[in-house]
Every structure is written in structure tokens, then in C-alpha cells.
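Trainee: mmCIF, C-alpha atoms, file query.cif:
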data_entry
#
loop_
_atom_site.label_atom_id
_atom_site.label_comp_id
_atom_site.auth_asym_id
_atom_site.auth_seq_id
_atom_site.Cartn_x
_atom_site.Cartn_y
_atom_site.Cartn_z
CA MET A 290 -173.07 -29.47 -73.33
CA ARG A 291 -170.91 -27.83 -70.71
CA ASP A 292 -168.03 -29.71 -69.15
CA PRO A 293 -169.01 -30.23 -65.48
CA GLU A 294 -165.37 -30.15 -64.35
CA LEU A 295 -164.81 -26.83 -66.10
CA THR A 296 -167.96 -25.40 -64.51
CA LYS A 297 -166.82 -26.61 -61.09
CA ARG A 298 -163.42 -24.97 -61.57
CA ALA A 299 -165.05 -21.69 -62.65
CA ARG A 300 -167.13 -21.70 -59.43
CA GLU A 301 -163.97 -22.27 -57.39
CA MET A 302 -162.22 -19.42 -59.20
CA ARG A 303 -165.10 -17.05 -58.34
CA THR A 304 -164.44 -17.61 -54.64
CA GLU A 305 -160.65 -17.33 -55.04
CA MET A 306 -160.41 -14.11 -57.05
CA THR A 307 -157.13 -12.22 -56.94
CA GLU A 308 -157.01 -8.69 -55.55
CA PRO A 309 -156.84 -7.09 -59.03
CA GLU A 310 -159.81 -9.23 -60.17
CA THR A 311 -161.81 -8.22 -57.10
CA ARG A 312 -161.06 -4.52 -57.64
CA LEU A 313 -162.10 -4.69 -61.28
CA TRP A 314 -165.21 -6.71 -60.46
CA LEU A 315 -166.36 -3.98 -58.09
CA GLN A 316 -166.26 -1.56 -61.04
CA LEU A 317 -167.92 -3.92 -63.55
CA ARG A 318 -170.68 -5.55 -61.50
CA ALA A 319 -174.31 -4.43 -61.52
CA LYS A 320 -173.94 -2.76 -64.95
CA ARG A 321 -171.72 -0.04 -63.48
CA PHE A 322 -169.54 0.12 -66.61
CA ASP A 323 -171.47 1.79 -69.44
CA ASN A 324 -174.60 -0.20 -68.48
CA VAL A 325 -172.98 -3.45 -69.72
CA LYS A 326 -173.72 -6.70 -67.87
CA PHE A 327 -170.54 -8.64 -67.11
CA ARG A 328 -170.15 -12.13 -65.73
CA ARG A 329 -167.06 -13.31 -63.88
CA GLN A 330 -165.16 -16.54 -64.40
CA LYS A 331 -167.38 -17.46 -67.33
CA VAL A 332 -167.05 -20.75 -69.19
CA ILE A 333 -166.82 -20.29 -72.94
CA GLN A 334 -166.57 -23.29 -75.22
CA ASP A 335 -167.24 -24.49 -78.72
CA ASP A 336 -166.53 -27.76 -80.52
CA HIS A 337 -162.75 -27.28 -80.38
CA HIS A 338 -161.91 -24.92 -77.51
CA ARG A 339 -162.74 -24.56 -73.82
CA TYR A 340 -161.93 -21.49 -71.74
CA ILE A 341 -162.66 -19.89 -68.42
CA VAL A 342 -162.40 -16.14 -68.90
CA ASP A 343 -162.06 -13.66 -66.05
CA PHE A 344 -164.88 -11.34 -67.17
CA ALA A 345 -167.25 -11.53 -70.14
CA ALA A 346 -170.13 -9.52 -71.56
CA ASN A 347 -172.52 -10.90 -74.14
CA ASP A 348 -173.61 -7.54 -75.57
CA PRO A 349 -171.24 -6.21 -76.72
CA LYS A 350 -169.19 -9.38 -77.10
CA LEU A 351 -166.27 -8.57 -74.84
CA VAL A 352 -163.81 -10.58 -72.75
CA ILE A 353 -161.43 -9.12 -70.16
CA GLU A 354 -158.50 -11.20 -68.92
CA LEU A 355 -156.21 -10.10 -66.11
#
In C-alpha cells, what does this structure look like?
Mentor:
Amino acid sequence: MRDPELTKRAREMRTEMTEPETRLWLQLRAKRFDNVKFRRQKVIQDDHHRYIVDFAANDPKLVIEL
């Protein structure tokens, strides 16, 4: 189950993106980069770790942090 506080923080981070994040997002969004679907400020967690990553793609498994 996702941590509601972590999800809330990820939503806040989407509205407060830095200039470099915004510039990169404009290049990644809508499958503009090699037809890969990216998500921004994505929550990733397992039993032991919890992260909010700047950009993530599921296929291929790829995370971009600025």
C-alpha cells in the first residue's frame, strides 16, 4: 500500500518543479523521447525503501534524477 504522505508530497513536487526539471519534462512528456512513456515525481517503494524519483519509465525500467 502506498504511503499517503509520500503521495501527497509527490503531488506537491509536481507543481513546484525546478526550471531544469521543467525543461527536461517538456522533452520527455507525451512519449517524445524514443516513444517511452515517462511519469514525473513518481513514488517508488518496496518493503524496505521509499522514494520519490524525478522521472520514471516502466518500460524500459529507467529512472532519471536531476
Trainee: Suppose a student applies the PyMOL selection byres ((chain A and resi 310) around 12) to this structure; what residues should they get, written as a list in words?
Mentor: Met302, Arg303, Thr304, Glu305, Met306, Thr307, Glu308, Pro309, Thr311, Arg312, Leu313, Trp314, Leu315, Gln316, Leu317, Arg318, Arg329, Gln330, Val342, Asp343, Phe344, Ile353, Glu354 and Leu355 of chain A
Trainee: Using Å and a single decimal, report how far atom CA of A:Lys331 sits from atom CA of A:Leu295.
Mentor: 9.8 Å
Trainee: Return as JSON the centre and edge lengths, in Å with one decimal, of the box along x, y and z that encloses every atom of stretch 332-335 of chain A in the file, padded by 4 Å per side.
Mentor:
{"center_x": -166.9, "center_y": -22.4, "center_z": -74.0, "size_x": 8.7, "size_y": 12.2, "size_z": 17.5}
Trainee: Looking at A:Arg298, A:Arg321, A:Arg291, A:Lys326, which one is nearest to A:Ile341, with distances taken over all atoms listed in the file?
Mentor: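 Among the listed residues, the smallest separation from A:Ile341 belongs to A:Arg298.
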Trainee: Of the candidates A:Asp348, A:Glu301, A:Asp292, A:Lys320, which shows the shortest atom-to-atom distance to A:Asp336, using all atoms listed in the file?
Mentor: A:Asp292
Trainee: By how many Å are atom CA of A:His338 and atom CA of A:Val325 apart?
Mentor: 25.4 Å
Trainee: How many Å lie between atom CA of A:Arg328 and atom CA of A:Ala345, rounded to one decimal?
Mentor: 5.3 Å
